[in-house]
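Everything on this sheet refers to the single structure shown next.
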Amino acid sequence: MSGAELKAGARKLIMENSPKLFLVSIIFIVIVTVLSELQFRLIGTLTTYTALRERLSSGELPNLSMLYTEFRPPGAALALVLYMLNPVIEIGFMSYCLKTTRAIAGDVKDVLNGFQYFIKVILLSIMIAIFVFLWSMLFLFPGIVASYRYRQAYYILLDAPEKGVMQCIRESKQLMAGSKLDLFLVDLSFIGWFFLDVIVVLLIPAPFAIPVVSIWLTPYIGLTHAGFYERLLNRAVI
């Protein structure tokens with residue numbers, strides 16, 4: 001199945017599962033946006049960012065003493081906790097999209113499904129980040145390849161929560177063998193939508209800057225990726 005066929009299938013599913021699918025997407029977008037905003041606004045994150053920006057704008061380079069002065073351990077620790085919640089929420093939305101792809105009735109509360117596997121999701125995200133970072137130290141391209149190599153690990157965890165973190169990573173590597181470029185091209189095909197989303201947000205006055213394009217784009221991408229995973233599974237079975 002080509003990328004165009006996967007996207008056509010995703011659009012069909014959106015039409016068949018509206019408006020509930022859009023409601024779940026909006027809830028997901030709101031949660032992720034709030035988490036992101038809280039991380040940025042916490043004392044220890046915002047103050048460090050502001051000080052860094054002021055130094056750079058004045059032509060000065062940041063130094064360790066400046067970071068130590070502005071750093072607030074409680075705020076930074078809480079920001080880290082909030083950051084770690086992102087993959088937990090994301091896997092919940094992935095769960096809903098996967099159910100929709102398989103014609104299984106999902107529920108709004110599926111957005112919180114990631115909390116069932118909280119520790120494993122956190123460990124999985126950490127291990128993937130480490131592997132991608134290590135590959136990136138060789139050069140940018142190996143890092144990008146590595147990020148695609150492990151893209152199916154979360155879906156594998158959803159399908160078999162009993163599997164270990166490293167097993168999910170290994171199986172993702174096996175599933176993605178020969179398909180990394182395919183998924184990259186699928187992602188690349190959405191670039192026009194991302195630009196449109198940014199333009200629309202910039203054109204709307206700040207107090208009313210609702211990412212209206214994201215409300216369509218989020219389930220569109222989620223269902224396309226879930227369909228890609230299903231294609232990989234079918235290929236593996238065959």
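Identifiers for the structure tokens are assigned positionally: chains receive A, B, ... in sequence, residues are indexed from 1 per chain, and ligands are indexed from 1 in the order shown.
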Residue contacts of Cys168 (chain A) (12 Å, only C-alpha atoms) excluding same-chain residues fewer than 2 positions away, as a PyMOL selection string = chain A and resi 120-121+123-125+127-128+149-166+170-175
For Asp110 (chain A): contacts at 10 Å, only C-alpha atoms, fewer than 3 positions along chain excluded, given as an NGL selection string = :A and (24 or 89 or 91-97 or 99 or 106-107 or 113-115)
Limited to C-alpha atoms, could you put the picked residues into a file as a JSON list (two decimals), in the first residue's frame?
```json
[["chain", "number", "residue", "atom", "x", "y", "z"],
["A", 24, "VAL", "CA", -10.60, 13.09, 21.06],
["A", 89, "ILE", "CA", -0.29, 11.22, 26.48],
["A", 91, "ILE", "CA", 0.74, 6.83, 23.26],
["A", 92, "GLY", "CA", -2.83, 7.24, 24.51],
["A", 93, "PHE", "CA", -3.79, 9.05, 21.30],
["A", 94, "MET", "CA", -1.89, 6.44, 19.29],
["A", 95, "SER", "CA", -3.99, 3.81, 21.05],
["A", 96, "TYR", "CA", -7.21, 5.52, 19.96],
["A", 97, "CYS", "CA", -5.99, 5.84, 16.35],
["A", 99, "LYS", "CA", -8.35, 1.10, 17.51],
["A", 106, "GLY", "CA", -12.58, 3.69, 20.98],
["A", 107, "ASP", "CA", -13.44, 6.01, 23.84],
["A", 113, "ASN", "CA", -4.37, 4.82, 28.16],
["A", 114, "GLY", "CA", -0.64, 5.49, 28.36],
["A", 115, "PHE", "CA", -0.88, 5.72, 32.15]]
```
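Nearest-residue note for Gly3 (chain A): choosing from A:Arg102, A:Arg235, A:Lys109, A:His225, the minimum distance belongs to A:His225, counting only C-alpha atoms.
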In terms of only C-alpha atoms, the residue from A:Val213, A:Val132, A:Val201, A:Leu232 at minimal distance from Gly178 (chain A) is A:Leu232
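When CA of Gly222 (chain A) is paired with CA of Ala129 (chain A), their separation reads 20.8 Å.
Distances here use only C-alpha atoms; by that measure, the residue among A:Asn17, A:Ser189, A:Asn86, A:Gln167 closest to Ala4 (chain A) is A:Ser189.
The spacing separating CA of Ile14 (chain A) from CA of Val111 (chain A) amounts to 16.9 Å.
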Counting only C-alpha atoms, which of A:Ala103, A:Leu112, A:Val145, A:Ile122 gets nearest to Leu80 (chain A)?
-> A:Ile122
Going by DSSP on the backbone, which bits of region 108-180 of chain A are helix (DSSP H, G or I)? Write them as a compact mmCIF listing (two decimals) with N, CA and C atoms, in the first residue's frame, please.
```
# COMPACT_ATOMS: atom_id res chain seq x y z
N VAL A 108 -13.20 8.30 24.55
CA VAL A 108 -12.46 9.53 24.84
C VAL A 108 -11.37 9.27 25.88
N LYS A 109 -11.67 8.41 26.83
CA LYS A 109 -10.70 8.14 27.91
C LYS A 109 -9.46 7.39 27.42
N ASP A 110 -9.49 6.91 26.16
CA ASP A 110 -8.32 6.23 25.61
C ASP A 110 -7.10 7.15 25.55
N VAL A 111 -7.33 8.47 25.55
CA VAL A 111 -6.22 9.43 25.53
C VAL A 111 -5.33 9.23 26.74
N LEU A 112 -5.90 8.68 27.81
CA LEU A 112 -5.13 8.46 29.04
C LEU A 112 -4.64 7.02 29.17
N ASN A 113 -4.78 6.23 28.11
CA ASN A 113 -4.37 4.82 28.16
C ASN A 113 -2.89 4.63 28.48
N GLY A 114 -2.08 5.61 28.12
CA GLY A 114 -0.64 5.49 28.36
C GLY A 114 -0.28 5.34 29.82
N PHE A 115 -1.17 5.82 30.72
CA PHE A 115 -0.88 5.72 32.15
C PHE A 115 -0.93 4.27 32.64
N GLN A 116 -1.55 3.39 31.86
CA GLN A 116 -1.56 1.97 32.23
C GLN A 116 -0.15 1.38 32.15
N TYR A 117 0.66 1.94 31.26
CA TYR A 117 2.03 1.44 31.06
C TYR A 117 3.03 2.54 31.36
N PHE A 118 2.72 3.36 32.34
CA PHE A 118 3.47 4.58 32.62
C PHE A 118 4.98 4.35 32.67
N ILE A 119 5.43 3.42 33.49
CA ILE A 119 6.87 3.19 33.66
C ILE A 119 7.51 2.73 32.36
N LYS A 120 6.85 1.79 31.67
CA LYS A 120 7.42 1.27 30.42
C LYS A 120 7.49 2.35 29.34
N VAL A 121 6.46 3.19 29.28
CA VAL A 121 6.46 4.26 28.27
C VAL A 121 7.61 5.23 28.53
N ILE A 122 7.81 5.59 29.80
CA ILE A 122 8.89 6.51 30.16
C ILE A 122 10.25 5.88 29.83
N LEU A 123 10.42 4.62 30.23
CA LEU A 123 11.70 3.94 29.96
C LEU A 123 11.93 3.79 28.46
N LEU A 124 10.86 3.49 27.72
CA LEU A 124 10.98 3.33 26.28
C LEU A 124 11.39 4.65 25.62
N SER A 125 10.77 5.74 26.04
CA SER A 125 11.11 7.05 25.47
C SER A 125 12.55 7.43 25.81
N ILE A 126 13.00 7.09 27.02
CA ILE A 126 14.37 7.40 27.43
C ILE A 126 15.38 6.59 26.60
N MET A 127 15.10 5.29 26.44
CA MET A 127 16.02 4.43 25.69
C MET A 127 16.09 4.85 24.22
N ILE A 128 14.95 5.18 23.64
CA ILE A 128 14.94 5.63 22.25
C ILE A 128 15.75 6.92 22.11
N ALA A 129 15.54 7.84 23.06
CA ALA A 129 16.26 9.12 23.02
C ALA A 129 17.76 8.89 23.13
N ILE A 130 18.18 7.96 23.98
CA ILE A 130 19.61 7.65 24.14
C ILE A 130 20.19 7.08 22.85
N PHE A 131 19.48 6.10 22.26
CA PHE A 131 19.98 5.48 21.03
C PHE A 131 20.07 6.49 19.89
N VAL A 132 19.04 7.32 19.75
CA VAL A 132 19.05 8.33 18.69
C VAL A 132 20.18 9.34 18.91
N PHE A 133 20.37 9.72 20.18
CA PHE A 133 21.46 10.66 20.50
C PHE A 133 22.82 10.07 20.17
N LEU A 134 23.03 8.81 20.53
CA LEU A 134 24.31 8.16 20.26
C LEU A 134 24.58 8.06 18.76
N TRP A 135 23.55 7.72 17.99
CA TRP A 135 23.72 7.65 16.54
C TRP A 135 23.96 9.04 15.97
N SER A 136 23.32 10.05 16.57
CA SER A 136 23.47 11.42 16.08
C SER A 136 24.89 11.95 16.31
N MET A 137 25.58 11.38 17.29
CA MET A 137 26.95 11.82 17.54
C MET A 137 27.87 11.46 16.38
N LEU A 138 27.50 10.43 15.61
CA LEU A 138 28.29 10.06 14.43
C LEU A 138 28.09 11.10 13.33
N LEU A 140 24.39 13.66 11.60
CA LEU A 140 22.95 13.91 11.64
C LEU A 140 22.16 12.79 10.98
N PHE A 141 22.64 12.34 9.81
CA PHE A 141 21.89 11.34 9.04
C PHE A 141 21.68 10.04 9.82
N PRO A 142 22.71 9.45 10.45
CA PRO A 142 22.48 8.23 11.23
C PRO A 142 21.46 8.43 12.36
N GLY A 143 21.43 9.64 12.93
CA GLY A 143 20.47 9.94 13.98
C GLY A 143 19.05 9.92 13.46
N ILE A 144 18.85 10.48 12.26
CA ILE A 144 17.52 10.49 11.64
C ILE A 144 17.08 9.07 11.31
N VAL A 145 18.00 8.29 10.77
CA VAL A 145 17.70 6.89 10.44
C VAL A 145 17.30 6.13 11.70
N ALA A 146 18.03 6.36 12.79
CA ALA A 146 17.75 5.68 14.06
C ALA A 146 16.37 6.06 14.58
N SER A 147 16.00 7.34 14.45
CA SER A 147 14.69 7.77 14.94
C SER A 147 13.56 7.05 14.21
N TYR A 148 13.77 6.76 12.92
CA TYR A 148 12.75 6.03 12.16
C TYR A 148 12.80 4.53 12.48
N ARG A 149 13.96 4.04 12.81
CA ARG A 149 14.12 2.62 13.13
C ARG A 149 13.26 2.23 14.33
N ALA A 153 7.99 1.16 18.06
CA ALA A 153 8.15 0.56 19.40
C ALA A 153 6.93 0.82 20.28
N TYR A 154 6.34 2.02 20.18
CA TYR A 154 5.17 2.33 21.01
C TYR A 154 3.96 1.51 20.60
N TYR A 155 3.77 1.32 19.30
CA TYR A 155 2.66 0.48 18.83
C TYR A 155 2.83 -0.96 19.30
N ILE A 156 4.06 -1.44 19.25
CA ILE A 156 4.34 -2.81 19.70
C ILE A 156 4.01 -2.95 21.18
N LEU A 157 4.35 -1.92 21.96
CA LEU A 157 4.02 -1.94 23.40
C LEU A 157 2.51 -1.95 23.61
N LEU A 158 1.78 -1.19 22.80
CA LEU A 158 0.32 -1.16 22.90
C LEU A 158 -0.28 -2.53 22.59
N ASP A 159 0.27 -3.20 21.59
CA ASP A 159 -0.25 -4.51 21.20
C ASP A 159 0.13 -5.61 22.19
N VAL A 165 10.98 -3.34 27.33
CA VAL A 165 11.35 -2.14 26.57
C VAL A 165 12.30 -2.48 25.43
N MET A 166 13.34 -3.23 25.71
CA MET A 166 14.33 -3.57 24.68
C MET A 166 13.73 -4.49 23.62
N GLN A 167 12.79 -5.32 24.01
CA GLN A 167 12.14 -6.19 23.02
C GLN A 167 11.32 -5.36 22.04
N CYS A 168 10.63 -4.36 22.56
CA CYS A 168 9.85 -3.47 21.69
C CYS A 168 10.76 -2.74 20.70
N ILE A 169 11.92 -2.32 21.19
CA ILE A 169 12.88 -1.62 20.33
C ILE A 169 13.43 -2.56 19.26
N ARG A 170 13.76 -3.79 19.66
CA ARG A 170 14.29 -4.76 18.69
C ARG A 170 13.26 -5.10 17.62
N GLU A 171 12.02 -5.31 18.04
CA GLU A 171 10.97 -5.67 17.09
C GLU A 171 10.64 -4.51 16.16
N SER A 172 10.73 -3.29 16.67
CA SER A 172 10.52 -2.12 15.82
C SER A 172 11.61 -2.06 14.75
N LYS A 173 12.83 -2.35 15.16
CA LYS A 173 13.94 -2.36 14.22
C LYS A 173 13.71 -3.38 13.11
N GLN A 174 13.18 -4.55 13.49
CA GLN A 174 12.90 -5.61 12.51
C GLN A 174 11.76 -5.20 11.57
N LEU A 175 10.70 -4.62 12.14
CA LEU A 175 9.56 -4.21 11.32
C LEU A 175 9.93 -3.12 10.32
N LYS A 180 12.04 2.34 6.28
CA LYS A 180 12.31 3.65 6.89
C LYS A 180 12.11 4.79 5.88
```
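In this structure, CA of Trp193 (chain A) sits 19.9 Å away from CA of Ser18 (chain A).
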